[in-house]
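Trainee: Input structure: data.cif, which contains mmCIF, C-alpha atoms and all ligand atoms.
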```cif
data_target
#
loop_
_atom_site.label_atom_id
_atom_site.label_comp_id
_atom_site.auth_asym_id
_atom_site.auth_seq_id
_atom_site.Cartn_x
_atom_site.Cartn_y
_atom_site.Cartn_z
CA MET D 1 30.09 12.53 -14.25
CA ARG D 2 31.65 10.82 -11.23
CA GLU D 3 31.93 7.07 -10.96
CA TRP D 4 32.52 4.55 -8.17
CA LEU D 5 33.12 0.83 -8.60
CA LEU D 6 31.74 -1.27 -5.76
CA ALA D 7 33.01 -4.80 -5.15
CA PRO D 8 32.49 -7.21 -6.63
CA GLN D 9 30.74 -5.94 -9.80
CA GLY D 10 28.72 -2.88 -8.85
CA ARG D 11 28.84 0.60 -10.27
CA LEU D 12 27.54 4.01 -9.25
CA ARG D 13 27.46 6.96 -11.64
CA LEU D 14 26.55 10.45 -10.49
CA PHE D 15 25.47 13.18 -12.92
CA GLU D 16 25.30 16.28 -10.73
CA ASP D 17 23.40 18.72 -12.94
CA TRP D 18 21.29 16.30 -14.87
CA LEU D 19 18.10 18.29 -14.50
CA ALA D 20 17.94 22.02 -15.29
CA PRO D 21 17.08 24.16 -12.22
CA SER D 22 13.84 25.41 -13.84
CA GLU D 23 12.68 21.84 -14.47
CA ALA D 24 13.61 20.80 -10.95
CA GLN D 25 11.62 23.73 -9.53
CA SER D 26 8.53 22.95 -11.56
CA LEU D 27 8.66 19.28 -10.52
CA LEU D 28 9.08 20.31 -6.87
CA ALA D 29 6.01 22.52 -7.14
CA ALA D 30 3.88 19.90 -8.92
CA LEU D 31 4.74 16.61 -7.22
CA PRO D 32 3.04 17.20 -3.84
CA ASN D 33 -0.34 17.87 -5.50
CA GLU D 34 -0.21 15.64 -8.56
CA LEU D 35 0.28 12.37 -6.70
CA HIS D 36 -1.35 10.51 -3.88
CA TRP D 37 1.14 10.18 -0.99
CA HIS D 38 1.05 7.77 1.95
CA GLU D 39 3.18 6.98 4.99
CA PRO D 40 4.87 3.66 4.21
CA ARG D 41 4.78 0.73 6.59
CA VAL D 42 8.17 -0.87 7.13
CA ARG D 43 9.20 -4.01 9.00
CA LEU D 44 12.15 -3.60 11.40
CA PHE D 45 13.44 -6.56 13.38
CA GLY D 46 10.15 -8.37 12.80
CA ARG D 47 7.95 -5.47 13.95
CA GLU D 48 5.90 -3.19 11.78
CA HIS D 49 6.38 0.60 11.96
CA VAL D 50 5.10 3.60 10.06
CA ALA D 51 8.09 5.29 8.44
CA ARG D 52 8.59 9.05 8.91
CA ARG D 53 8.44 10.07 5.29
CA LEU D 54 5.86 10.03 2.52
CA GLN D 55 5.88 7.71 -0.44
CA ALA D 56 4.13 7.37 -3.80
CA TRP D 57 4.29 4.53 -6.30
CA VAL D 58 3.76 5.27 -10.00
CA GLY D 59 3.95 2.82 -12.88
CA ASP D 60 2.49 0.89 -15.77
CA ALA D 61 -0.61 -1.19 -15.09
CA GLY D 62 0.42 -4.40 -13.35
CA ALA D 63 3.72 -3.00 -12.00
CA ASP D 64 2.88 -3.82 -8.39
CA TYR D 65 5.54 -3.13 -5.76
CA ARG D 66 5.85 -5.84 -3.10
CA TYR D 67 8.00 -5.33 -0.03
CA SER D 68 7.78 -6.31 3.67
CA GLY D 69 4.45 -8.05 3.07
CA VAL D 70 2.90 -4.90 1.50
CA THR D 71 1.70 -4.65 -2.12
CA LEU D 72 1.34 -1.23 -3.73
CA THR D 73 -0.60 -0.90 -6.97
CA PRO D 74 0.71 1.89 -9.20
CA GLN D 75 -0.79 5.31 -9.76
CA ALA D 76 -0.82 6.56 -13.34
CA TRP D 77 2.21 8.35 -14.81
CA THR D 78 2.01 12.14 -14.89
CA PRO D 79 3.22 13.91 -18.08
CA ALA D 80 6.34 15.19 -16.26
CA LEU D 81 7.26 11.70 -15.04
CA VAL D 82 6.71 10.28 -18.54
CA ARG D 83 9.14 12.89 -19.92
CA LEU D 84 11.78 11.89 -17.34
CA ARG D 85 11.33 8.20 -18.17
CA GLU D 86 11.71 8.98 -21.90
CA ARG D 87 14.87 11.00 -21.28
CA LEU D 88 16.41 8.12 -19.28
CA SER D 89 15.62 5.81 -22.18
CA ASP D 90 17.00 8.19 -24.83
CA GLU D 91 20.21 9.07 -22.95
CA PHE D 92 21.14 5.78 -21.33
CA GLY D 93 19.04 3.17 -23.15
CA LEU D 94 17.43 2.28 -19.82
CA ARG D 95 13.89 0.92 -19.70
CA PHE D 96 11.71 1.53 -16.65
CA ASN D 97 8.07 0.72 -15.91
CA SER D 98 7.74 2.33 -12.48
CA VAL D 99 9.05 4.97 -10.13
CA LEU D 100 9.10 5.06 -6.34
CA LEU D 101 8.92 8.59 -4.96
CA ASN D 102 10.00 9.47 -1.43
CA HIS D 103 9.25 12.80 0.20
CA TYR D 104 11.41 13.74 3.20
CA ARG D 105 9.56 16.68 4.73
CA CYS D 106 12.58 17.84 6.77
CA GLY D 107 16.07 16.66 7.75
CA GLU D 108 14.74 14.53 10.58
CA GLU D 109 13.10 12.21 8.07
CA GLY D 110 15.24 9.65 6.30
CA MET D 111 15.51 6.04 5.22
CA GLY D 112 17.24 3.19 7.05
CA TRP D 113 19.79 0.72 5.71
CA HIS D 114 18.43 -1.52 2.98
CA SER D 115 19.12 -2.80 -0.53
CA ASP D 116 16.77 -2.61 -3.48
CA ASP D 117 16.84 -6.36 -3.90
CA GLU D 118 13.17 -7.29 -3.95
CA PRO D 119 12.64 -10.41 -6.10
CA SER D 120 10.39 -8.44 -8.48
CA LEU D 121 13.43 -6.34 -9.55
CA GLY D 122 15.33 -9.44 -10.67
CA ARG D 123 19.09 -9.98 -10.60
CA ASN D 124 21.36 -6.91 -10.87
CA PRO D 125 18.68 -4.28 -11.35
CA CYS D 126 19.61 -0.88 -12.73
CA ILE D 127 17.98 1.90 -10.71
CA ALA D 128 18.02 5.59 -11.64
CA SER D 129 17.68 7.95 -8.67
CA LEU D 130 16.80 11.61 -9.18
CA SER D 131 16.99 14.11 -6.30
CA LEU D 132 15.05 17.35 -5.84
CA GLY D 133 15.03 19.89 -3.03
CA ALA D 134 17.44 19.83 -0.09
CA THR D 135 20.82 18.15 -0.52
CA ARG D 136 20.97 14.99 1.59
CA ASP D 137 23.68 12.39 2.17
CA PHE D 138 23.22 9.04 0.48
CA CYS D 139 25.35 6.54 2.39
CA LEU D 140 26.55 3.12 1.30
CA LYS D 141 28.16 0.22 3.14
CA PRO D 142 29.20 -3.26 2.06
CA ARG D 143 27.32 -6.26 3.40
CA PRO D 144 29.38 -8.49 5.73
CA GLY D 145 32.09 -10.34 3.79
CA VAL D 146 32.19 -7.82 0.94
CA SER D 147 35.29 -5.65 0.62
CA GLY D 148 34.89 -1.89 0.82
CA GLU D 149 34.30 0.96 3.25
CA ARG D 150 31.20 2.87 4.20
CA PHE D 151 30.96 6.22 2.42
CA CYS D 152 28.42 8.98 1.80
CA LEU D 153 27.62 11.09 -1.25
CA PRO D 154 25.73 14.36 -0.98
CA LEU D 155 22.94 14.30 -3.58
CA PRO D 156 22.05 17.85 -4.65
CA GLN D 157 18.93 19.02 -6.44
CA GLY D 158 18.88 17.90 -10.06
CA SER D 159 21.42 15.11 -9.58
CA LEU D 160 20.94 11.69 -11.12
CA LEU D 161 22.55 8.64 -9.55
CA LEU D 162 22.65 5.40 -11.57
CA MET D 163 23.01 2.23 -9.49
CA GLU D 164 24.10 -0.70 -11.63
CA GLY D 165 25.65 -4.16 -11.61
CA ASP D 166 25.41 -6.37 -8.55
CA MET D 167 25.57 -3.63 -5.88
CA GLN D 168 22.02 -4.24 -4.64
CA HIS D 169 23.04 -7.78 -3.66
CA HIS D 170 26.31 -6.83 -1.92
CA TRP D 171 25.87 -3.28 -0.63
CA MET D 172 23.25 -1.47 1.45
CA HIS D 173 22.27 2.19 1.31
CA ALA D 174 20.53 4.69 3.58
CA VAL D 175 19.55 8.35 3.84
CA PRO D 176 20.39 9.17 7.49
CA PRO D 177 18.49 11.91 9.32
CA ARG D 178 20.29 15.28 9.33
CA ARG D 179 18.84 17.62 11.94
CA ARG D 180 20.44 20.74 10.54
CA VAL D 181 18.60 20.29 7.19
CA ARG D 182 15.35 22.28 7.33
CA ASP D 183 14.11 21.95 3.77
CA GLU D 184 12.18 19.16 2.15
CA ARG D 185 13.60 16.73 -0.37
CA PHE D 186 12.08 14.43 -3.00
CA ASN D 187 13.78 11.38 -4.43
CA LEU D 188 12.53 9.45 -7.45
CA THR D 189 13.90 5.96 -8.11
CA PHE D 190 12.99 4.64 -11.55
CA ARG D 191 12.75 0.85 -11.59
CA LEU D 192 11.90 -2.06 -13.87
CA ILE D 193 9.49 -4.50 -12.27
CA ARG D 194 9.92 -7.90 -13.92
CA GLY D 195 7.03 -9.95 -15.22
CA VAL D 196 4.94 -6.98 -16.39
CA HIS D 197 4.04 -6.99 -20.12
CA GLY D 198 7.06 -8.91 -21.35
CA THR D 199 9.71 -7.51 -18.99
O1 LIG F 1 16.21 9.03 -1.06
C1 LIG F 1 17.14 8.47 -1.60
O2 LIG F 1 18.09 9.05 -2.13
C2 LIG F 1 17.22 6.94 -1.58
C3 LIG F 1 15.91 6.26 -1.72
C4 LIG F 1 16.05 4.79 -1.58
O3 LIG F 1 16.97 4.30 -0.97
C5 LIG F 1 15.08 3.91 -2.20
O4 LIG F 1 14.12 4.39 -2.82
O5 LIG F 1 15.27 2.67 -2.08
#
```
Would you mind writing the file's structure down as structure tokens?
Mentor:
Amino acid sequence: MREWLLAPQGRLRLFEDWLAPSEAQSLLAALPNELHWHEPRVRLFGREHVARRLQAWVGDAGADYRYSGVTLTPQAWTPALVRLRERLSDEFGLRFNSVLLNHYRCGEEGMGWHSDDEPSLGRNPCIASLSLGATRDFCLKPRPGVSGERFCLPLPQGSLLLMEGDMQHHWMHAVPPRRRVRDERFNLTFRLIRGVHGT
């Protein structure tokens, strides 16, 4: 496990081989067909765009995801996603009621700078991020006024990144396009939406 402390009270933990290669392969094969995928709409500088990646939102009933004026209602959990959620609970004592899946079809697709600080996640959310497929850089930078330097972590297949503490309020992250990467990548971020069945 590798760990980074992010000012003022954030923490990142990376478990590189969290998922066995056989399990990663079977998830990679199943995810495209088992879920309904859409191109997300994102708001950039006040204008709406369609992002170049695919997204799926899975969760408990009522775990709606609200961002940039869009509300996504969750699709049902698949057995494989339920098993991952249970493992996160057993190993780390973390409780999640939803997972956002992103599918980057090639290296030219990515995600711009943002924080996972939607009000529905509450203060200091813990987010568990699982990567499958091509290794991509996950970059972080402090918000203005916060001490620290921009840095990037390559996230290989099967790696689990835990984002904890107050980093979503003081740091931003992105998955920049990488033209030389040909293969697809999936990322699953397990989240706890507040206000759903006692959360
Ligand atoms: O693809 C990734 O590793 C990051 C995804 C992400 O930033 C997000 O879901 O908010």
Trainee: Go through the chains and note each residue within 6 Å of ligand LIG 1 (chain F), using only C-alpha atoms and all ligand atoms, then give the set as a list in words.
Mentor: Asp116, Phe138, Ala174, Val175, Asn187 and Thr189 of chain D
Trainee: Just give me the gap between atom CA of D:Leu101 and atom CA of D:Gln25 in Å, one decimal is fine.
Mentor: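 For atom CA of D:Leu101 relative to atom CA of D:Gln25, the distance reads 16.0 Å.
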Trainee: When distances are computed from all atoms listed in the file, which of D:Cys106, D:Ala80, D:Pro8, D:Met1 shows the smallest separation from D:Pro142?
Mentor: D:Pro8
Trainee: May I ask which of the residues D:Ala128, D:Ser147, D:Leu72, D:His103 is the closest one to D:Ser89, counting all atoms listed in the file?
Mentor: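 Using all atoms listed in the file, D:Ser89 sits closest to D:Ala128.
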Trainee: As an exercise, work out the distance from atom CA of D:Ser22 to atom CA of D:Ser159 in Å and give it to one decimal place.
Mentor: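 These atoms are spaced 13.5 Å apart.
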Trainee: Report as an mmCIF file with C-alpha atoms, in the coordinates of the input all protein, DNA and RNA residues lying within 6 Å of D:Arg179, evaluated on all atoms listed in the file, omitting residues in the same chain fewer than 2 positions from it.
Mentor:
```cif
data_model
loop_
_atom_site.group_PDB
_atom_site.id
_atom_site.type_symbol
_atom_site.label_atom_id
_atom_site.label_comp_id
_atom_site.auth_asym_id
_atom_site.auth_seq_id
_atom_site.Cartn_x
_atom_site.Cartn_y
_atom_site.Cartn_z
ATOM 1 C CA GLY D 107 16.070 16.660 7.750
ATOM 2 C CA GLU D 108 14.740 14.530 10.580
ATOM 3 C CA VAL D 181 18.600 20.290 7.190
#
```
Trainee: Taking 5 positions as the minimum chain separation for residues in the same chain, which residues sit within 12 Å of D:Gly93 when counting all atoms listed in the file? Answer as a list in words.
Mentor: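 Skipping anything fewer than 5 positions along the chain leaves Arg85, Glu86, Arg87, Leu88, Cys126 and Ala128 of chain D.
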Trainee: Skipping near chain neighbours, those fewer than 2 positions away, what residues fall within 6 Å of D:Trp18 using only C-alpha atoms, listed as a PyMOL selection string?
Mentor: chain D and resi 15-16+158-160
Trainee: Find the residue from D:Gln157, D:Ser120, D:Thr71, D:Gln55 that sits nearest to D:Arg105; use all atoms listed in the file when measuring.
Mentor: D:Gln55
Trainee: Can you tell me which residues surround stretch 162-167 of chain D at a distance of at most 12 Å, considering all atoms listed in the file, apart from same-chain residues fewer than 6 positions away, and format the answer as a ChimeraX atom specification?
Mentor: /D:1-16,18,88,92,94,114-117,122-131,140-143,146-148,155,173,188-191
Trainee: Write the residues of the preceding selection, restricted to C-alpha atoms, as an mmCIF file, in the frame of the given file.
Mentor:
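Result written to part03.cif:
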```
data_model
loop_
_atom_site.group_PDB
_atom_site.id
_atom_site.type_symbol
_atom_site.label_atom_id
_atom_site.label_comp_id
_atom_site.auth_asym_id
_atom_site.auth_seq_id
_atom_site.Cartn_x
_atom_site.Cartn_y
_atom_site.Cartn_z
ATOM 1 C CA MET D 1 30.090 12.530 -14.250
ATOM 2 C CA ARG D 2 31.650 10.820 -11.230
ATOM 3 C CA GLU D 3 31.930 7.070 -10.960
ATOM 4 C CA TRP D 4 32.520 4.550 -8.170
ATOM 5 C CA LEU D 5 33.120 0.830 -8.600
ATOM 6 C CA LEU D 6 31.740 -1.270 -5.760
ATOM 7 C CA ALA D 7 33.010 -4.800 -5.150
ATOM 8 C CA PRO D 8 32.490 -7.210 -6.630
ATOM 9 C CA GLN D 9 30.740 -5.940 -9.800
ATOM 10 C CA GLY D 10 28.720 -2.880 -8.850
ATOM 11 C CA ARG D 11 28.840 0.600 -10.270
ATOM 12 C CA LEU D 12 27.540 4.010 -9.250
ATOM 13 C CA ARG D 13 27.460 6.960 -11.640
ATOM 14 C CA LEU D 14 26.550 10.450 -10.490
ATOM 15 C CA PHE D 15 25.470 13.180 -12.920
ATOM 16 C CA GLU D 16 25.300 16.280 -10.730
ATOM 17 C CA TRP D 18 21.290 16.300 -14.870
ATOM 18 C CA LEU D 88 16.410 8.120 -19.280
ATOM 19 C CA PHE D 92 21.140 5.780 -21.330
ATOM 20 C CA LEU D 94 17.430 2.280 -19.820
ATOM 21 C CA HIS D 114 18.430 -1.520 2.980
ATOM 22 C CA SER D 115 19.120 -2.800 -0.530
ATOM 23 C CA ASP D 116 16.770 -2.610 -3.480
ATOM 24 C CA ASP D 117 16.840 -6.360 -3.900
ATOM 25 C CA GLY D 122 15.330 -9.440 -10.670
ATOM 26 C CA ARG D 123 19.090 -9.980 -10.600
ATOM 27 C CA ASN D 124 21.360 -6.910 -10.870
ATOM 28 C CA PRO D 125 18.680 -4.280 -11.350
ATOM 29 C CA CYS D 126 19.610 -0.880 -12.730
ATOM 30 C CA ILE D 127 17.980 1.900 -10.710
ATOM 31 C CA ALA D 128 18.020 5.590 -11.640
ATOM 32 C CA SER D 129 17.680 7.950 -8.670
ATOM 33 C CA LEU D 130 16.800 11.610 -9.180
ATOM 34 C CA SER D 131 16.990 14.110 -6.300
ATOM 35 C CA LEU D 140 26.550 3.120 1.300
ATOM 36 C CA LYS D 141 28.160 0.220 3.140
ATOM 37 C CA PRO D 142 29.200 -3.260 2.060
ATOM 38 C CA ARG D 143 27.320 -6.260 3.400
ATOM 39 C CA VAL D 146 32.190 -7.820 0.940
ATOM 40 C CA SER D 147 35.290 -5.650 0.620
ATOM 41 C CA GLY D 148 34.890 -1.890 0.820
ATOM 42 C CA LEU D 155 22.940 14.300 -3.580
ATOM 43 C CA HIS D 173 22.270 2.190 1.310
ATOM 44 C CA LEU D 188 12.530 9.450 -7.450
ATOM 45 C CA THR D 189 13.900 5.960 -8.110
ATOM 46 C CA PHE D 190 12.990 4.640 -11.550
ATOM 47 C CA ARG D 191 12.750 0.850 -11.590
#
```
Trainee: Report, in Å to a single decimal, how far apart atom CA of D:Leu100 and atom CA of D:Asp60 are.
Mentor: 12.2 Å
Trainee: Env of D:Pro32: 12 Å cut, atoms = all atoms listed in the file, seq-sep filter 5 positions within chain, self excluded. Answer as a PyMOL selection string.
Mentor: chain D and resi 26-27+37-38+54-56+101-105+184-186
Trainee: Return as AutoDock Vina command-line options the centre and edge lengths, in Å with one decimal, of the box along x, y and z that encloses every atom of stretch 27-40 of chain D in the file, padded by 3 Å per side.
Mentor:
```
--center_x 3.9 --center_y 13.1 --center_z -2.8 --size_x 16.4 --size_y 24.9 --size_z 21.5
```
Trainee: Would you mind telling me which residue in D:Val50, D:Val99, D:Leu35, D:Leu28 lies nearest to D:Tyr65 when using all atoms listed in the file?
Mentor: D:Val99
Trainee: Of the residues D:His36, D:Arg53, D:Arg136, D:Arg194, which is the one nearest to D:Arg180, using only C-alpha atoms?
Mentor: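 Once distances to D:Arg180 are computed over only C-alpha atoms, the minimum belongs to D:Arg136.
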Trainee: Tell me which of D:Cys139, D:Leu153, D:Leu81, D:Ala51 sits closest to D:Met172, counting all atoms listed in the file.
Mentor: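 The closest residue to D:Met172 is D:Cys139.
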